[in-house]
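Student: The structure's right below; bear with me while I get my questions together.
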Amino acid sequence: MYRHLWADYLCPVQKIGILGGGQLGRMLLQAAANYPVETYVLENDADCPAAHLCHHFSKGDIKDFNTVYHFGQSLDAITIEIENVNIDALEMLEKEGKKIFPRPSVLKTIKNKILQKEYYQRFQIPSSAFVVTHNLHELKQQENFLPAVHKIAEGGYDGKGVQVLKTAEELTNGFDAPSILEKMVDIKKEVAQMIAVDANGNTALYPPVEMIFDPVLNLLDYQLCPAALETKVLWKVEAIALAVARNFNSPGLFAVELFIDRNDNVWVNETAPRVHNSGHHTIEAHYCSQFDMLWRIMLGYPLGNTKAILPSVMVNIIGAEGFQGHVVYEGLEEVLQIENAFVHIYGKKETKPGRKMGHVTIISAEKQELIHQSNKVKRLLKVRS
Ligand code: ADP
């Protein structure tokens, strides 16, 4: 008995919960297996990607106050894998002494694009000029602000909730709901900068990644690390992303998405206060993965080494157009024969067009090899039903 208590004192096993059970939760749990932690997941779908990797699964609505509040009461700490959760319950839990990563105040700011843009403005963080529109009628008055991008304040994701408006006629394509209308940036490159912040305010930056988008689906096509940036641009990216993360006054992991325009100005697009699609390559290509890093932060351990072991490319495996239903992976065997490729299948039973079903990371010292193999993966691997 005495020995047991002493062991607990030396290495207490913390109880940590995750709101949401998608692929981010799943990969977080894969990393949790290395630490003294007991894991809990709250999610409505009992067959979700994270359901079978946690110690304790609770079926329930992450948007419901009572469900989230009761889920959190027996835990030491909580994190999220999606922003659309019941923030009021998290605030209450925080008041009662639970550690929340990131703090609920950050989630409030980020969940609503109007508040998020106002945050950048308040801290003089470069982000393209914007106006708030509450409905379609207000949007139609903004002809002089075009060309611009209309973004719904809440509920948009993966390009849904974003509308490019170039001409006055296109204004009717906008959202009849609270939104921001943001000046169009003449984008040369899109990058993402991951930053880790621990409870003492120490920070660690990963090398930024460069994102290449599928123009049809508006989804990430592949992502290269490190981004090819001139040193002076890299410095701007790092400084701006640090300002974004530091002013939140919260420990956690932050993915800051930025645009680099034709004049090498750097603008913040948006921030995710959590593990993120733009950090998947860190599992194999970096000493400390983004998932490992978040456990270090939550458990109070030192921040990990963010350096790359080798450059990498990450390709999302996306549900093919025209296929919906029970998933089959065509070409998986061929991809598994690529020596420097790492395959992640998220375990989602059903595919639909555009759904993120997995990813593949390729590592190599040669950029040509990275591009060559990622094109091969995209050619070979098809998600069908
Ligand atoms: P989501 O959160 O749904 O991914 P984003 O705000 O990231 O939406 O926008 C999706 C894409 O739209 C961006 O990756 C970018 O290519 C384009 N976009 C967004 N805002 C602007 C802007 N101000 N100027 C030009 N293109 C933009």
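All residue names refer to the structure tokens as shown: chains lettered A, B, ... in order, residues numbered from 1 in each chain, ligands numbered from 1 in order.
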Kindly provide, as a PyMOL selection string, all nucleotide and amino acid residues lying within 9 Å of ligand 1, counting only C-alpha atoms and all ligand atoms.
Tutor: chain A and resi 113+127-130+147-151+156-164+181-187+190+211-213+215+218-220+257-259+267+269-271
Student: Going by DSSP on the backbone, which residues of region 152-322 of chain A come out as strand (DSSP E or B)? List them as a ChimeraX atom specification.
Tutor: /A:152,157,160,162-165,179-183,187-197,203-205,209-214,219-225,252-261,266-272,286,308,312-319
Student: Which one is closest to Ile371 (chain A): A:Ile283, A:Leu299, A:Val106, A:Leu224? Count only C-alpha atoms.
Tutor: A:Leu224
Student: Enumerate, as number ranges by chain, the complete set of residues in region 168-271 of chain A that a backbone-based DSSP assignment places in alpha helix (DSSP H).
Tutor: A: 231-246
Student: Report the closest atom pair, with its distance in Å rounded to one decimal, for each residue of region 125-208 of chain A that has an atom no farther than 10 Å from region 238-246 of chain A; count only C-alpha atoms, sort by chain and then rising residue number, and write it as JSON lines.
Tutor:
{"residue": "A:Ile125", "atom": "CA", "partner": "A:Ile240", "partner_atom": "CA", "distance": 6.6}
{"residue": "A:Pro126", "atom": "CA", "partner": "A:Ile240", "partner_atom": "CA", "distance": 7.6}
{"residue": "A:Ser127", "atom": "CA", "partner": "A:Ile240", "partner_atom": "CA", "distance": 9.9}
{"residue": "A:Ala192", "atom": "CA", "partner": "A:Ala241", "partner_atom": "CA", "distance": 9.1}
{"residue": "A:Gln193", "atom": "CA", "partner": "A:Ala241", "partner_atom": "CA", "distance": 6.7}
{"residue": "A:Met194", "atom": "CA", "partner": "A:Ala241", "partner_atom": "CA", "distance": 8.2}
{"residue": "A:Ile195", "atom": "CA", "partner": "A:Ala245", "partner_atom": "CA", "distance": 7.2}
{"residue": "A:Ala196", "atom": "CA", "partner": "A:Ala245", "partner_atom": "CA", "distance": 8.5}
{"residue": "A:Val197", "atom": "CA", "partner": "A:Ala245", "partner_atom": "CA", "distance": 7.7}
{"residue": "A:Gly201", "atom": "CA", "partner": "A:Arg246", "partner_atom": "CA", "distance": 7.8}
{"residue": "A:Asn202", "atom": "CA", "partner": "A:Arg246", "partner_atom": "CA", "distance": 9.5}
{"residue": "A:Thr203", "atom": "CA", "partner": "A:Leu242", "partner_atom": "CA", "distance": 8.4}
{"residue": "A:Ala204", "atom": "CA", "partner": "A:Leu242", "partner_atom": "CA", "distance": 9.4}
{"residue": "A:Leu205", "atom": "CA", "partner": "A:Glu238", "partner_atom": "CA", "distance": 7.7}
{"residue": "A:Tyr206", "atom": "CA", "partner": "A:Glu238", "partner_atom": "CA", "distance": 9.4}
{"residue": "A:Pro207", "atom": "CA", "partner": "A:Glu238", "partner_atom": "CA", "distance": 8.9}
{"residue": "A:Pro208", "atom": "CA", "partner": "A:Glu238", "partner_atom": "CA", "distance": 8.2}
Student: I need the residues from that last selection saved to file as a PDB file, in the first residue's frame (with N, CA, C and O atoms), if you can.
Tutor:
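Heads up, here's the output in again-v7.pdb:
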ATOM      1  N   ILE A 125      -1.601  42.264 -35.521  1.00  0.00           N
ATOM      2  CA  ILE A 125      -1.074  41.124 -36.269  1.00  0.00           C
ATOM      3  C   ILE A 125      -1.558  41.261 -37.713  1.00  0.00           C
ATOM      4  O   ILE A 125      -2.771  41.411 -37.937  1.00  0.00           O
ATOM      5  N   PRO A 126      -0.630  41.267 -38.684  1.00  0.00           N
ATOM      6  CA  PRO A 126      -1.065  41.478 -40.069  1.00  0.00           C
ATOM      7  C   PRO A 126      -2.043  40.399 -40.544  1.00  0.00           C
ATOM      8  O   PRO A 126      -1.740  39.214 -40.483  1.00  0.00           O
ATOM      9  N   SER A 127      -3.224  40.843 -40.953  1.00  0.00           N
ATOM     10  CA  SER A 127      -4.240  39.945 -41.488  1.00  0.00           C
ATOM     11  C   SER A 127      -5.055  40.835 -42.419  1.00  0.00           C
ATOM     12  O   SER A 127      -5.251  42.018 -42.110  1.00  0.00           O
ATOM     13  N   ALA A 192       1.897  27.041 -43.237  1.00  0.00           N
ATOM     14  CA  ALA A 192       1.370  26.888 -41.872  1.00  0.00           C
ATOM     15  C   ALA A 192       2.538  26.760 -40.916  1.00  0.00           C
ATOM     16  O   ALA A 192       3.534  26.091 -41.217  1.00  0.00           O
ATOM     17  N   GLN A 193       2.403  27.450 -39.794  1.00  0.00           N
ATOM     18  CA  GLN A 193       3.457  27.444 -38.782  1.00  0.00           C
ATOM     19  C   GLN A 193       2.881  26.847 -37.490  1.00  0.00           C
ATOM     20  O   GLN A 193       1.942  27.391 -36.918  1.00  0.00           O
ATOM     21  N   MET A 194       3.451  25.730 -37.061  1.00  0.00           N
ATOM     22  CA  MET A 194       2.999  25.115 -35.806  1.00  0.00           C
ATOM     23  C   MET A 194       3.862  25.654 -34.664  1.00  0.00           C
ATOM     24  O   MET A 194       5.091  25.707 -34.795  1.00  0.00           O
ATOM     25  N   ILE A 195       3.207  26.005 -33.562  1.00  0.00           N
ATOM     26  CA  ILE A 195       3.925  26.508 -32.388  1.00  0.00           C
ATOM     27  C   ILE A 195       3.422  25.784 -31.147  1.00  0.00           C
ATOM     28  O   ILE A 195       2.211  25.629 -30.957  1.00  0.00           O
ATOM     29  N   ALA A 196       4.356  25.372 -30.310  1.00  0.00           N
ATOM     30  CA  ALA A 196       3.998  24.756 -29.030  1.00  0.00           C
ATOM     31  C   ALA A 196       4.257  25.773 -27.921  1.00  0.00           C
ATOM     32  O   ALA A 196       5.278  26.454 -27.930  1.00  0.00           O
ATOM     33  N   VAL A 197       3.297  25.880 -26.992  1.00  0.00           N
ATOM     34  CA  VAL A 197       3.456  26.781 -25.849  1.00  0.00           C
ATOM     35  C   VAL A 197       3.198  25.969 -24.583  1.00  0.00           C
ATOM     36  O   VAL A 197       2.132  25.358 -24.447  1.00  0.00           O
ATOM     37  N   GLY A 201       4.965  29.280 -20.501  1.00  0.00           N
ATOM     38  CA  GLY A 201       5.105  30.263 -21.582  1.00  0.00           C
ATOM     39  C   GLY A 201       6.303  30.010 -22.487  1.00  0.00           C
ATOM     40  O   GLY A 201       6.586  30.810 -23.380  1.00  0.00           O
ATOM     41  N   ASN A 202       7.028  28.899 -22.265  1.00  0.00           N
ATOM     42  CA  ASN A 202       8.105  28.555 -23.199  1.00  0.00           C
ATOM     43  C   ASN A 202       7.486  28.172 -24.539  1.00  0.00           C
ATOM     44  O   ASN A 202       6.403  27.571 -24.572  1.00  0.00           O
ATOM     45  N   THR A 203       8.199  28.504 -25.624  1.00  0.00           N
ATOM     46  CA  THR A 203       7.649  28.195 -26.941  1.00  0.00           C
ATOM     47  C   THR A 203       8.640  27.380 -27.776  1.00  0.00           C
ATOM     48  O   THR A 203       9.856  27.468 -27.568  1.00  0.00           O
ATOM     49  N   ALA A 204       8.125  26.601 -28.697  1.00  0.00           N
ATOM     50  CA  ALA A 204       8.957  25.868 -29.656  1.00  0.00           C
ATOM     51  C   ALA A 204       8.267  25.933 -31.009  1.00  0.00           C
ATOM     52  O   ALA A 204       7.051  25.714 -31.095  1.00  0.00           O
ATOM     53  N   LEU A 205       9.023  26.275 -32.044  1.00  0.00           N
ATOM     54  CA  LEU A 205       8.452  26.414 -33.389  1.00  0.00           C
ATOM     55  C   LEU A 205       8.901  25.265 -34.283  1.00  0.00           C
ATOM     56  O   LEU A 205      10.095  24.939 -34.331  1.00  0.00           O
ATOM     57  N   TYR A 206       7.953  24.682 -34.983  1.00  0.00           N
ATOM     58  CA  TYR A 206       8.294  23.706 -36.030  1.00  0.00           C
ATOM     59  C   TYR A 206       8.675  24.486 -37.290  1.00  0.00           C
ATOM     60  O   TYR A 206       8.258  25.638 -37.453  1.00  0.00           O
ATOM     61  N   PRO A 207       9.434  23.872 -38.194  1.00  0.00           N
ATOM     62  CA  PRO A 207       9.670  24.553 -39.479  1.00  0.00           C
ATOM     63  C   PRO A 207       8.332  24.709 -40.191  1.00  0.00           C
ATOM     64  O   PRO A 207       7.514  23.790 -40.156  1.00  0.00           O
ATOM     65  N   PRO A 208       8.074  25.870 -40.822  1.00  0.00           N
ATOM     66  CA  PRO A 208       6.790  26.015 -41.514  1.00  0.00           C
ATOM     67  C   PRO A 208       6.650  25.043 -42.684  1.00  0.00           C
ATOM     68  O   PRO A 208       7.646  24.626 -43.270  1.00  0.00           O
TER      69      PRO A 208
END
Student: What's around Ser312 (chain A) at 10 Å? Count only C-alpha atoms, leave out sequence neighbours fewer than 4 positions away in its own chain, and write the answer as a list of chain:residue names.
Tutor: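 What passes the distance filter is A:Val209, A:Gln223, A:Leu224, A:Cys225, A:Pro226, A:His281, A:Thr282, A:Glu284, A:Ala285, A:His286, A:Ala308, A:Asn340, A:Ala341, A:Thr361, A:Ile362, A:Ile363, A:Ser364, A:Ala365, A:Glu366, A:Lys367, A:Glu369, A:Leu370, A:Ile371, A:Ser374.
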Student: Looking at A:Lys63, A:Arg103, A:Lys111, A:His137, which one is nearest to Gly252 (chain A), with distances taken over only C-alpha atoms?
Tutor: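 Between A:Lys63, A:Arg103, A:Lys111, A:His137, the residue approaching Gly252 (chain A) most closely is A:Arg103.
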Student: Would you mind telling me which residue in A:Leu253, A:Val377, A:Val233, A:Met293 lies nearest to Met314 (chain A) when using only C-alpha atoms?
Tutor: A:Val377
Student: Using only C-alpha atoms, which of A:Asn316, A:Asn66, A:Ser289, A:Gln30 sits nearest His52 (chain A)?
Tutor: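 Answer, going by the shortest atom-to-atom distance: A:Gln30.
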Student: Could you pull the residues within 9 Å of Gly322 (chain A), counting only C-alpha atoms, minus those fewer than 5 positions along the same chain, as JSON, numbers by chain?
Tutor: {"A": [352, 353, 384]}
Student: I'd like the neighbourhood of Glu43 (chain A) as number ranges by chain, where a residue qualifies if any of its atoms comes within 9 Å (using only C-alpha atoms), though same-chain residues fewer than 6 positions away should be ignored.
Tutor: A: 18-22, 50-51, 57-62
Student: Ranking A:Lys189, A:Val131, A:Lys382, A:Asp264 by minimum distance to Thr231 (chain A) and counting only C-alpha atoms, which one comes first?
Tutor: A:Asp264
Student: Between A:Leu53, A:Leu165, A:Val132, A:Ile16, which has the minimum distance to Lys98 (chain A) (counting only C-alpha atoms)?
Tutor: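 Among A:Leu53, A:Leu165, A:Val132, A:Ile16, it is A:Ile16 that comes nearest to Lys98 (chain A).
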Student: Give me, please, the distance in Å between CA of Lys307 (chain A) and CA of Thr79 (chain A), quoted to one decimal.
Tutor: 24.5 Å
Student: Rounded to one decimal place, report the CA of Glu339 (chain A)-CA of Gln368 (chain A) distance in Å.
Tutor: 15.4 Å
